[in-house]
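Peer 1: My structure is stored as upload_24.cif, with mmCIF, N, CA and C atoms.
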```cif
data_coords
loop_
_atom_site.label_atom_id
_atom_site.label_comp_id
_atom_site.auth_asym_id
_atom_site.auth_seq_id
_atom_site.Cartn_x
_atom_site.Cartn_y
_atom_site.Cartn_z
N MET A 13 44.39 -40.92 38.50
CA MET A 13 43.92 -39.76 39.22
C MET A 13 44.81 -39.57 40.43
N ALA A 14 45.31 -38.39 40.61
CA ALA A 14 46.20 -38.08 41.72
C ALA A 14 45.40 -38.01 43.01
N SER A 15 46.12 -38.18 44.13
CA SER A 15 45.45 -38.01 45.42
C SER A 15 45.21 -36.53 45.65
N ALA A 16 44.74 -36.18 46.80
CA ALA A 16 44.52 -34.79 47.17
C ALA A 16 43.38 -34.15 46.40
N LEU A 17 42.27 -34.85 46.30
CA LEU A 17 41.07 -34.29 45.69
C LEU A 17 40.31 -33.47 46.72
N THR A 18 39.84 -32.31 46.34
CA THR A 18 38.93 -31.57 47.21
C THR A 18 37.58 -32.25 47.15
N ILE A 19 36.67 -31.88 48.05
CA ILE A 19 35.35 -32.50 48.04
C ILE A 19 34.62 -32.21 46.72
N GLY A 20 34.83 -31.01 46.18
CA GLY A 20 34.20 -30.67 44.91
C GLY A 20 34.70 -31.53 43.77
N ARG A 21 36.01 -31.74 43.72
CA ARG A 21 36.58 -32.58 42.65
C ARG A 21 36.21 -34.04 42.84
N LEU A 22 36.14 -34.48 44.09
CA LEU A 22 35.71 -35.85 44.37
C LEU A 22 34.28 -36.06 43.87
N ALA A 23 33.40 -35.13 44.22
CA ALA A 23 32.00 -35.23 43.81
C ALA A 23 31.90 -35.22 42.29
N LEU A 24 32.63 -34.34 41.64
CA LEU A 24 32.61 -34.25 40.18
C LEU A 24 33.09 -35.55 39.54
N ALA A 25 34.18 -36.09 40.06
CA ALA A 25 34.74 -37.33 39.51
C ALA A 25 33.78 -38.51 39.66
N ALA A 26 32.99 -38.51 40.73
CA ALA A 26 32.04 -39.60 40.99
C ALA A 26 30.66 -39.30 40.43
N ASP A 27 30.48 -38.10 39.86
CA ASP A 27 29.21 -37.68 39.28
C ASP A 27 28.09 -37.65 40.32
N VAL A 28 28.41 -37.07 41.48
CA VAL A 28 27.42 -36.84 42.53
C VAL A 28 27.55 -35.40 43.00
N HIS A 29 26.61 -34.96 43.80
CA HIS A 29 26.67 -33.62 44.37
C HIS A 29 27.53 -33.62 45.63
N VAL A 30 28.09 -32.50 45.95
CA VAL A 30 28.89 -32.35 47.17
C VAL A 30 28.05 -32.73 48.39
N GLU A 31 26.78 -32.32 48.40
CA GLU A 31 25.91 -32.66 49.53
C GLU A 31 25.71 -34.16 49.65
N THR A 32 25.77 -34.88 48.55
CA THR A 32 25.67 -36.34 48.60
C THR A 32 26.89 -36.91 49.31
N VAL A 33 28.06 -36.39 49.01
CA VAL A 33 29.29 -36.83 49.69
C VAL A 33 29.14 -36.58 51.19
N ARG A 34 28.69 -35.40 51.56
CA ARG A 34 28.53 -35.07 52.98
C ARG A 34 27.50 -35.98 53.65
N TYR A 35 26.42 -36.27 52.94
CA TYR A 35 25.39 -37.16 53.48
C TYR A 35 25.97 -38.56 53.72
N TYR A 36 26.71 -39.08 52.76
CA TYR A 36 27.32 -40.40 52.93
C TYR A 36 28.31 -40.40 54.09
N GLN A 37 28.97 -39.28 54.31
CA GLN A 37 29.87 -39.18 55.46
C GLN A 37 29.07 -39.24 56.76
N ARG A 38 27.97 -38.50 56.82
CA ARG A 38 27.13 -38.53 58.03
C ARG A 38 26.57 -39.92 58.29
N MET A 39 26.28 -40.65 57.20
CA MET A 39 25.72 -42.00 57.33
C MET A 39 26.80 -43.04 57.66
N GLY A 40 28.07 -42.63 57.62
CA GLY A 40 29.16 -43.56 57.92
C GLY A 40 29.59 -44.40 56.74
N LEU A 41 29.12 -44.08 55.55
CA LEU A 41 29.50 -44.85 54.36
C LEU A 41 30.84 -44.39 53.78
N LEU A 42 31.21 -43.17 54.07
CA LEU A 42 32.43 -42.58 53.52
C LEU A 42 33.11 -41.80 54.64
N HIS A 43 34.41 -41.98 54.76
CA HIS A 43 35.09 -41.28 55.86
C HIS A 43 35.31 -39.82 55.49
N GLU A 44 35.45 -39.02 56.53
CA GLU A 44 35.73 -37.60 56.34
C GLU A 44 37.17 -37.35 56.75
N PRO A 45 38.02 -36.96 55.81
CA PRO A 45 39.43 -36.75 56.15
C PRO A 45 39.62 -35.58 57.12
N GLU A 46 40.72 -35.62 57.81
CA GLU A 46 41.07 -34.53 58.71
C GLU A 46 41.27 -33.25 57.90
N ARG A 47 40.91 -32.13 58.51
CA ARG A 47 41.15 -30.84 57.86
C ARG A 47 42.45 -30.29 58.45
N PRO A 48 43.45 -30.07 57.60
CA PRO A 48 44.69 -29.48 58.12
C PRO A 48 44.43 -28.06 58.62
N LEU A 49 45.19 -27.62 59.55
CA LEU A 49 45.04 -26.30 60.12
C LEU A 49 45.05 -25.26 59.01
N GLY A 50 43.93 -24.54 58.86
CA GLY A 50 43.83 -23.52 57.83
C GLY A 50 43.75 -24.06 56.42
N GLY A 51 43.53 -25.35 56.28
CA GLY A 51 43.54 -25.96 54.95
C GLY A 51 42.21 -26.57 54.57
N VAL A 52 42.25 -27.34 53.51
CA VAL A 52 41.06 -27.98 52.95
C VAL A 52 41.22 -29.49 53.06
N ARG A 53 40.14 -30.16 53.38
CA ARG A 53 40.18 -31.63 53.44
C ARG A 53 40.55 -32.17 52.06
N ARG A 54 41.34 -33.22 52.06
CA ARG A 54 41.77 -33.85 50.80
C ARG A 54 41.36 -35.32 50.81
N TYR A 55 40.84 -35.76 49.69
CA TYR A 55 40.37 -37.13 49.55
C TYR A 55 41.34 -37.90 48.65
N GLU A 56 41.45 -39.18 48.92
CA GLU A 56 42.37 -40.05 48.19
C GLU A 56 41.61 -40.86 47.13
N HIS A 57 42.37 -41.57 46.31
CA HIS A 57 41.77 -42.38 45.25
C HIS A 57 40.81 -43.43 45.81
N GLN A 58 41.15 -44.01 46.97
CA GLN A 58 40.26 -45.03 47.55
C GLN A 58 38.91 -44.42 47.96
N ASP A 59 38.89 -43.12 48.30
CA ASP A 59 37.62 -42.46 48.61
C ASP A 59 36.76 -42.37 47.35
N LEU A 60 37.39 -42.05 46.23
CA LEU A 60 36.67 -41.99 44.95
C LEU A 60 36.15 -43.38 44.59
N ALA A 61 36.97 -44.40 44.74
CA ALA A 61 36.55 -45.77 44.42
C ALA A 61 35.36 -46.18 45.28
N ARG A 62 35.40 -45.84 46.55
CA ARG A 62 34.30 -46.18 47.47
C ARG A 62 33.03 -45.42 47.08
N LEU A 63 33.16 -44.16 46.74
CA LEU A 63 32.02 -43.36 46.33
C LEU A 63 31.41 -43.91 45.03
N GLN A 64 32.24 -44.34 44.11
CA GLN A 64 31.74 -44.94 42.87
C GLN A 64 31.05 -46.27 43.15
N PHE A 65 31.56 -47.05 44.08
CA PHE A 65 30.93 -48.30 44.50
C PHE A 65 29.52 -48.01 45.02
N ILE A 66 29.43 -47.03 45.90
CA ILE A 66 28.13 -46.67 46.49
C ILE A 66 27.17 -46.24 45.38
N ARG A 67 27.63 -45.42 44.49
CA ARG A 67 26.78 -44.92 43.40
C ARG A 67 26.28 -46.07 42.51
N ARG A 68 27.19 -46.97 42.13
CA ARG A 68 26.79 -48.11 41.29
C ARG A 68 25.78 -49.00 42.03
N ALA A 69 26.01 -49.23 43.31
CA ALA A 69 25.10 -50.07 44.09
C ALA A 69 23.72 -49.42 44.20
N LYS A 70 23.68 -48.10 44.38
CA LYS A 70 22.39 -47.39 44.42
C LYS A 70 21.68 -47.50 43.08
N THR A 71 22.43 -47.40 41.99
CA THR A 71 21.86 -47.53 40.65
C THR A 71 21.23 -48.91 40.47
N MET A 72 21.79 -49.91 41.11
CA MET A 72 21.25 -51.27 41.02
C MET A 72 20.09 -51.50 41.97
N GLY A 73 19.74 -50.48 42.76
CA GLY A 73 18.58 -50.59 43.62
C GLY A 73 18.88 -50.95 45.06
N PHE A 74 20.13 -51.07 45.43
CA PHE A 74 20.45 -51.38 46.82
C PHE A 74 20.21 -50.15 47.69
N THR A 75 19.69 -50.38 48.87
CA THR A 75 19.47 -49.29 49.82
C THR A 75 20.80 -48.92 50.46
N LEU A 76 20.84 -47.77 51.11
CA LEU A 76 22.07 -47.37 51.79
C LEU A 76 22.43 -48.35 52.91
N GLU A 77 21.41 -48.90 53.56
CA GLU A 77 21.67 -49.90 54.60
C GLU A 77 22.30 -51.16 53.99
N GLU A 78 21.76 -51.59 52.86
CA GLU A 78 22.33 -52.76 52.18
C GLU A 78 23.75 -52.47 51.70
N ILE A 79 23.96 -51.26 51.20
CA ILE A 79 25.29 -50.87 50.72
C ILE A 79 26.28 -50.88 51.88
N ALA A 80 25.86 -50.39 53.03
CA ALA A 80 26.74 -50.43 54.20
C ALA A 80 27.15 -51.86 54.50
N GLY A 81 26.21 -52.78 54.39
CA GLY A 81 26.53 -54.19 54.59
C GLY A 81 27.48 -54.73 53.54
N LEU A 82 27.25 -54.35 52.28
CA LEU A 82 28.14 -54.79 51.21
C LEU A 82 29.56 -54.28 51.42
N LEU A 83 29.68 -53.06 51.89
CA LEU A 83 31.01 -52.48 52.13
C LEU A 83 31.76 -53.20 53.25
N GLN A 84 31.03 -53.88 54.12
CA GLN A 84 31.64 -54.60 55.24
C GLN A 84 32.11 -56.00 54.84
N LEU A 85 31.58 -56.53 53.74
CA LEU A 85 31.86 -57.92 53.38
C LEU A 85 33.30 -58.11 52.94
N LYS A 86 33.90 -59.15 53.51
CA LYS A 86 35.27 -59.52 53.16
C LYS A 86 35.41 -61.02 53.39
N GLY A 87 36.38 -61.59 52.80
CA GLY A 87 36.70 -62.98 53.09
C GLY A 87 35.95 -63.98 52.23
N LYS A 88 36.05 -65.23 52.65
CA LYS A 88 35.55 -66.36 51.86
C LYS A 88 34.04 -66.37 51.73
N ARG A 89 33.32 -65.87 52.72
CA ARG A 89 31.85 -65.92 52.69
C ARG A 89 31.24 -64.71 52.00
N ALA A 90 32.05 -63.77 51.58
CA ALA A 90 31.54 -62.53 50.98
C ALA A 90 30.69 -62.80 49.75
N CYS A 91 31.14 -63.68 48.90
CA CYS A 91 30.41 -63.94 47.66
C CYS A 91 29.06 -64.59 47.93
N ALA A 92 29.01 -65.51 48.86
CA ALA A 92 27.74 -66.18 49.20
C ALA A 92 26.76 -65.18 49.78
N GLN A 93 27.23 -64.30 50.66
CA GLN A 93 26.35 -63.30 51.25
C GLN A 93 25.89 -62.30 50.19
N THR A 94 26.79 -61.91 49.32
CA THR A 94 26.44 -60.98 48.26
C THR A 94 25.44 -61.61 47.30
N ARG A 95 25.62 -62.88 47.00
CA ARG A 95 24.70 -63.59 46.10
C ARG A 95 23.29 -63.59 46.68
N ARG A 96 23.16 -63.88 47.98
CA ARG A 96 21.84 -63.90 48.61
C ARG A 96 21.17 -62.52 48.52
N LEU A 97 21.92 -61.50 48.82
CA LEU A 97 21.39 -60.15 48.76
C LEU A 97 21.01 -59.78 47.32
N THR A 98 21.85 -60.17 46.37
CA THR A 98 21.58 -59.88 44.96
C THR A 98 20.35 -60.63 44.47
N GLU A 99 20.20 -61.88 44.88
CA GLU A 99 19.02 -62.65 44.49
C GLU A 99 17.75 -62.03 45.08
N HIS A 100 17.83 -61.55 46.30
CA HIS A 100 16.69 -60.87 46.92
C HIS A 100 16.35 -59.60 46.14
N LYS A 101 17.35 -58.85 45.75
CA LYS A 101 17.15 -57.63 44.97
C LYS A 101 16.52 -57.98 43.62
N LEU A 102 16.95 -59.06 43.01
CA LEU A 102 16.39 -59.51 41.74
C LEU A 102 14.90 -59.83 41.88
N LEU A 103 14.52 -60.48 42.97
CA LEU A 103 13.10 -60.76 43.21
C LEU A 103 12.30 -59.46 43.34
N ASP A 104 12.86 -58.48 44.04
CA ASP A 104 12.21 -57.17 44.16
C ASP A 104 12.01 -56.53 42.79
N VAL A 105 13.02 -56.58 41.96
CA VAL A 105 12.95 -55.98 40.62
C VAL A 105 11.88 -56.69 39.79
N ARG A 106 11.83 -58.01 39.88
CA ARG A 106 10.83 -58.76 39.12
C ARG A 106 9.41 -58.42 39.59
N ARG A 107 9.23 -58.24 40.90
CA ARG A 107 7.91 -57.84 41.42
C ARG A 107 7.53 -56.45 40.90
N LYS A 108 8.48 -55.55 40.90
CA LYS A 108 8.22 -54.20 40.40
C LYS A 108 7.89 -54.22 38.92
N LEU A 109 8.59 -55.04 38.16
CA LEU A 109 8.29 -55.15 36.73
C LEU A 109 6.87 -55.68 36.51
N GLU A 110 6.48 -56.65 37.31
CA GLU A 110 5.12 -57.19 37.22
C GLU A 110 4.10 -56.10 37.53
N ASP A 111 4.36 -55.33 38.58
CA ASP A 111 3.47 -54.22 38.93
C ASP A 111 3.41 -53.19 37.81
N LEU A 112 4.54 -52.89 37.20
CA LEU A 112 4.58 -51.93 36.10
C LEU A 112 3.81 -52.45 34.87
N ARG A 113 3.90 -53.75 34.61
CA ARG A 113 3.15 -54.32 33.48
C ARG A 113 1.64 -54.21 33.72
N ARG A 114 1.24 -54.46 34.98
CA ARG A 114 -0.18 -54.31 35.33
C ARG A 114 -0.62 -52.86 35.16
N LEU A 115 0.20 -51.94 35.64
CA LEU A 115 -0.10 -50.52 35.51
C LEU A 115 -0.17 -50.10 34.04
N GLU A 116 0.73 -50.62 33.25
CA GLU A 116 0.71 -50.31 31.82
C GLU A 116 -0.60 -50.76 31.19
N ALA A 117 -1.04 -51.96 31.51
CA ALA A 117 -2.29 -52.47 30.95
C ALA A 117 -3.47 -51.59 31.38
N GLU A 118 -3.49 -51.18 32.65
CA GLU A 118 -4.57 -50.31 33.12
C GLU A 118 -4.56 -48.97 32.38
N LEU A 119 -3.38 -48.40 32.20
CA LEU A 119 -3.27 -47.11 31.51
C LEU A 119 -3.66 -47.22 30.05
N VAL A 120 -3.29 -48.29 29.41
CA VAL A 120 -3.68 -48.51 28.01
C VAL A 120 -5.20 -48.58 27.92
N GLN A 121 -5.82 -49.33 28.84
CA GLN A 121 -7.27 -49.45 28.84
C GLN A 121 -7.94 -48.11 29.10
N LEU A 122 -7.45 -47.36 30.08
CA LEU A 122 -8.03 -46.06 30.39
C LEU A 122 -7.89 -45.10 29.22
N ALA A 123 -6.75 -45.10 28.57
CA ALA A 123 -6.55 -44.23 27.41
C ALA A 123 -7.52 -44.61 26.29
N ALA A 124 -7.70 -45.91 26.08
CA ALA A 124 -8.64 -46.37 25.05
C ALA A 124 -10.07 -45.98 25.43
N ASP A 125 -10.42 -46.13 26.70
CA ASP A 125 -11.75 -45.74 27.16
C ASP A 125 -11.97 -44.24 26.96
N CYS A 126 -10.96 -43.43 27.27
CA CYS A 126 -11.07 -41.98 27.10
C CYS A 126 -11.28 -41.60 25.63
N ALA A 127 -10.63 -42.36 24.75
CA ALA A 127 -10.74 -42.06 23.32
C ALA A 127 -12.16 -42.31 22.81
N GLN A 128 -12.93 -43.14 23.51
CA GLN A 128 -14.29 -43.50 23.08
C GLN A 128 -15.37 -42.60 23.67
N VAL A 129 -15.01 -41.72 24.61
CA VAL A 129 -15.99 -40.87 25.28
C VAL A 129 -16.42 -39.74 24.34
N PRO A 130 -17.72 -39.56 24.19
CA PRO A 130 -18.17 -38.43 23.37
C PRO A 130 -17.81 -37.11 24.06
N ARG A 131 -17.67 -36.09 23.28
CA ARG A 131 -17.30 -34.77 23.81
C ARG A 131 -18.29 -34.37 24.91
N GLY A 132 -17.73 -33.96 26.06
CA GLY A 132 -18.58 -33.55 27.18
C GLY A 132 -18.97 -34.69 28.08
N GLY A 133 -18.61 -35.93 27.73
CA GLY A 133 -18.96 -37.09 28.56
C GLY A 133 -18.04 -37.22 29.77
N HIS A 134 -18.40 -38.14 30.62
CA HIS A 134 -17.59 -38.38 31.82
C HIS A 134 -16.25 -39.01 31.43
N CYS A 135 -15.21 -38.55 32.08
CA CYS A 135 -13.86 -39.07 31.81
C CYS A 135 -13.66 -40.37 32.58
N PRO A 136 -13.41 -41.48 31.89
CA PRO A 136 -13.21 -42.76 32.57
C PRO A 136 -12.02 -42.75 33.54
N THR A 137 -10.98 -42.02 33.19
CA THR A 137 -9.81 -41.98 34.08
C THR A 137 -10.16 -41.26 35.38
N LEU A 138 -10.82 -40.13 35.28
CA LEU A 138 -11.22 -39.41 36.49
C LEU A 138 -12.21 -40.22 37.31
N ASP A 139 -13.14 -40.89 36.65
CA ASP A 139 -14.10 -41.73 37.35
C ASP A 139 -13.36 -42.86 38.09
N PHE A 140 -12.40 -43.46 37.43
CA PHE A 140 -11.62 -44.52 38.03
C PHE A 140 -10.86 -44.02 39.26
N LEU A 141 -10.24 -42.85 39.12
CA LEU A 141 -9.46 -42.30 40.24
C LEU A 141 -10.35 -41.92 41.42
N ARG A 142 -11.54 -41.45 41.13
CA ARG A 142 -12.45 -41.06 42.21
C ARG A 142 -12.94 -42.26 43.00
N GLN A 143 -13.11 -43.40 42.36
CA GLN A 143 -13.65 -44.57 43.06
C GLN A 143 -12.58 -45.34 43.83
N ALA A 144 -11.33 -45.10 43.54
CA ALA A 144 -10.25 -45.89 44.17
C ALA A 144 -9.99 -45.49 45.57
#
```
Would you mind giving the structure from this file in structure tokens?
Peer 2:
Amino acid sequence: MASALTIGRLALAADVHVETVRYYQRMGLLHEPERPLGGVRRYEHQDLARLQFIRRAKTMGFTLEEIAGLLQLKGKRACAQTRRLTEHKLLDVRRKLEDLRRLEAELVQLAADCAQVPRGGHCPTLDFLRQA
């Protein structure tokens, strides 16, 4: 990919919206190139690589604050710090999966209860939601 990408082409190449690029710039995650007099800002390949890094990290569940930290990591301790953060993220994912399994069981039960209600009877799901 050649350098000199416009913001629109950068966003397209990274599969994000232009406003996402601008938001990441405001957050300090992505630099904003100088605008030449009467011209258009141009982004380089490293800007695309950084934007793709951010996107992949978000897909893995990292927050923008965590991503900012990941972007700062360099040197010999980078892997150890990244491992700790990744292990923490893994624990979060496992907790969410547990919560989703519990929710699934509740929904299965409510659906089964609804299937048993005679026509015109009280809806178990609505009753459940009202009492919560």
Peer 1: Atom N of Met72 in chain A and CA of Leu17 in chain A are how many Å apart?
Peer 2: 25.2 Å
Peer 1: Counting only N, CA and C atoms, what is within 6 Å of Ile19 in chain A, bar same-chain residues fewer than 3 positions away, as a VMD selection string?
Peer 2: chain A and resid 22 to 24 30 53 55
Peer 1: Output N, CA and C atoms of each residue in that selection to a file, as a PDB file, keeping the file's coordinate frame.
Peer 2:
```pdb
ATOM      1  N   LEU A  22      36.140 -34.480  44.090  1.00  0.00           N
ATOM      2  CA  LEU A  22      35.710 -35.850  44.370  1.00  0.00           C
ATOM      3  C   LEU A  22      34.280 -36.060  43.870  1.00  0.00           C
ATOM      4  N   ALA A  23      33.400 -35.130  44.220  1.00  0.00           N
ATOM      5  CA  ALA A  23      32.000 -35.230  43.810  1.00  0.00           C
ATOM      6  C   ALA A  23      31.900 -35.220  42.290  1.00  0.00           C
ATOM      7  N   LEU A  24      32.630 -34.340  41.640  1.00  0.00           N
ATOM      8  CA  LEU A  24      32.610 -34.250  40.180  1.00  0.00           C
ATOM      9  C   LEU A  24      33.090 -35.550  39.540  1.00  0.00           C
ATOM     10  N   VAL A  30      28.090 -32.500  45.950  1.00  0.00           N
ATOM     11  CA  VAL A  30      28.890 -32.350  47.170  1.00  0.00           C
ATOM     12  C   VAL A  30      28.050 -32.730  48.390  1.00  0.00           C
ATOM     13  N   ARG A  53      40.140 -30.160  53.380  1.00  0.00           N
ATOM     14  CA  ARG A  53      40.180 -31.630  53.440  1.00  0.00           C
ATOM     15  C   ARG A  53      40.550 -32.170  52.060  1.00  0.00           C
ATOM     16  N   TYR A  55      40.840 -35.760  49.690  1.00  0.00           N
ATOM     17  CA  TYR A  55      40.370 -37.130  49.550  1.00  0.00           C
ATOM     18  C   TYR A  55      41.340 -37.900  48.650  1.00  0.00           C
TER      19      TYR A  55
END
```
Peer 1: What is the distance, in Å and to one decimal place, between atom N of Leu97 in chain A and CA of Arg67 in chain A?
Peer 2: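 Going from atom N of Leu97 in chain A over to CA of Arg67 in chain A covers 18.1 Å.
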Peer 1: Could you jot down the atom N of Arg106 in chain A to atom N of Leu42 in chain A separation for me, Å, one decimal place?
Peer 2: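 Rounded to one decimal, the two atoms are 28.2 Å apart.
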Peer 1: Residue by residue, what does the PyMOL selection byres (((chain A and resi 122-125 and name CA) around 12) and name CA) grab here? Present the result as a PyMOL selection string.
Peer 2: chain A and resi 115-121+126-130+133-141
Peer 1: Out of chain A, which residues get alpha helix (DSSP H) from DSSP, as an MDAnalysis selection string?
Peer 2: chainID A and resid 19:26 30:38 57:71 76:84 90:128 136:143
Peer 1: Could you write out as JSON, numbers by chain the residues that the PyMOL selection byres (((chain A and resi 45 and name CA) around 12) and name CA) matches in the shown file?
Peer 2: {"A": [16, 17, 18, 19, 34, 37, 42, 43, 44, 46, 47, 48, 51, 52, 53, 54, 55, 56, 58, 59]}
Peer 1: Which is closest to Gln64 in chain A among A:Leu83, A:Ala92, A:Met39, A:Leu109, if we use only C-alpha atoms?
Peer 2: A:Leu83
Peer 1: Take the PyMOL selection byres (((chain A and resi 99-104 and name CA) around 12) and name CA), apply it to the structure above, and return the hits as a ChimeraX atom specification.
Peer 2: /A:69-75,78,91-98,105-111
Peer 1: Closest to Ala80 in chain A among A:Gln143, A:Ile66, A:Thr32, A:Ala61, using only C-alpha atoms?
Peer 2: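 Under the stated criterion, the closest residue is A:Ile66.
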Peer 1: Padding 3 Å on each side, edges along x, y and z: where is the centre of the box around the listed atoms of range 20-33 of chain A, and how long are its edges in Å to one decimal? Output it as lines of an AutoDock Vina configuration file.
Peer 2:
```
center_x = 31.1
center_y = -35.1
center_z = 45.2
size_x = 16.9
size_y = 14.9
size_z = 17.9
```
Peer 1: Considering only C-alpha atoms, can you say which of A:Leu112, A:Leu41, A:Val33, A:Ala25 comes closest to Leu76 in chain A?
Peer 2: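 Smallest separation from Leu76 in chain A among the options: A:Leu41.
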Peer 1: Since the input lacks some atoms of range 118-134 of chain A, please model N, CA, C and O atoms and print them as a short mmCIF file (atom, residue, chain, number, x, y, z; two decimals), in the frame of the given file.
Peer 2:
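Listed below is the output, rebuild_11.cif:
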```cif
data_model
loop_
_atom_site.label_atom_id
_atom_site.label_comp_id
_atom_site.auth_asym_id
_atom_site.auth_seq_id
_atom_site.Cartn_x
_atom_site.Cartn_y
_atom_site.Cartn_z
N GLU A 118 -3.49 -51.18 32.65
CA GLU A 118 -4.57 -50.31 33.12
C GLU A 118 -4.56 -48.97 32.38
O GLU A 118 -5.61 -48.46 31.98
N LEU A 119 -3.38 -48.40 32.20
CA LEU A 119 -3.27 -47.11 31.51
C LEU A 119 -3.66 -47.22 30.05
O LEU A 119 -4.34 -46.33 29.51
N VAL A 120 -3.29 -48.29 29.41
CA VAL A 120 -3.68 -48.51 28.01
C VAL A 120 -5.20 -48.58 27.92
O VAL A 120 -5.82 -47.96 27.05
N GLN A 121 -5.82 -49.33 28.84
CA GLN A 121 -7.27 -49.45 28.84
C GLN A 121 -7.94 -48.11 29.10
O GLN A 121 -8.91 -47.74 28.43
N LEU A 122 -7.45 -47.36 30.08
CA LEU A 122 -8.03 -46.06 30.39
C LEU A 122 -7.89 -45.10 29.22
O LEU A 122 -8.84 -44.35 28.90
N ALA A 123 -6.75 -45.10 28.57
CA ALA A 123 -6.55 -44.23 27.41
C ALA A 123 -7.52 -44.61 26.29
O ALA A 123 -8.11 -43.74 25.64
N ALA A 124 -7.70 -45.91 26.08
CA ALA A 124 -8.64 -46.37 25.05
C ALA A 124 -10.07 -45.98 25.43
O ALA A 124 -10.84 -45.54 24.57
N ASP A 125 -10.42 -46.13 26.70
CA ASP A 125 -11.75 -45.74 27.16
C ASP A 125 -11.97 -44.24 26.96
O ASP A 125 -13.05 -43.81 26.52
N CYS A 126 -10.96 -43.43 27.27
CA CYS A 126 -11.07 -41.98 27.10
C CYS A 126 -11.28 -41.60 25.63
O CYS A 126 -12.00 -40.65 25.32
N ALA A 127 -10.63 -42.36 24.75
CA ALA A 127 -10.74 -42.06 23.32
C ALA A 127 -12.16 -42.31 22.81
O ALA A 127 -12.57 -41.74 21.80
N GLN A 128 -12.93 -43.14 23.51
CA GLN A 128 -14.29 -43.50 23.08
C GLN A 128 -15.37 -42.60 23.67
O GLN A 128 -16.53 -42.70 23.29
N VAL A 129 -15.01 -41.72 24.61
CA VAL A 129 -15.99 -40.87 25.28
C VAL A 129 -16.42 -39.74 24.34
O VAL A 129 -15.58 -39.05 23.77
N PRO A 130 -17.72 -39.56 24.19
CA PRO A 130 -18.17 -38.43 23.37
C PRO A 130 -17.81 -37.11 24.06
O PRO A 130 -17.70 -37.05 25.29
N ARG A 131 -17.67 -36.09 23.28
CA ARG A 131 -17.30 -34.77 23.81
C ARG A 131 -18.29 -34.37 24.91
O ARG A 131 -19.50 -34.46 24.74
N GLY A 132 -17.73 -33.96 26.06
CA GLY A 132 -18.58 -33.55 27.18
C GLY A 132 -18.97 -34.69 28.08
O GLY A 132 -19.61 -34.47 29.10
N GLY A 133 -18.61 -35.93 27.73
CA GLY A 133 -18.96 -37.09 28.56
C GLY A 133 -18.04 -37.22 29.77
O GLY A 133 -17.07 -36.48 29.93
N HIS A 134 -18.40 -38.14 30.62
CA HIS A 134 -17.59 -38.38 31.82
C HIS A 134 -16.25 -39.01 31.43
O HIS A 134 -16.19 -39.92 30.61
#
```
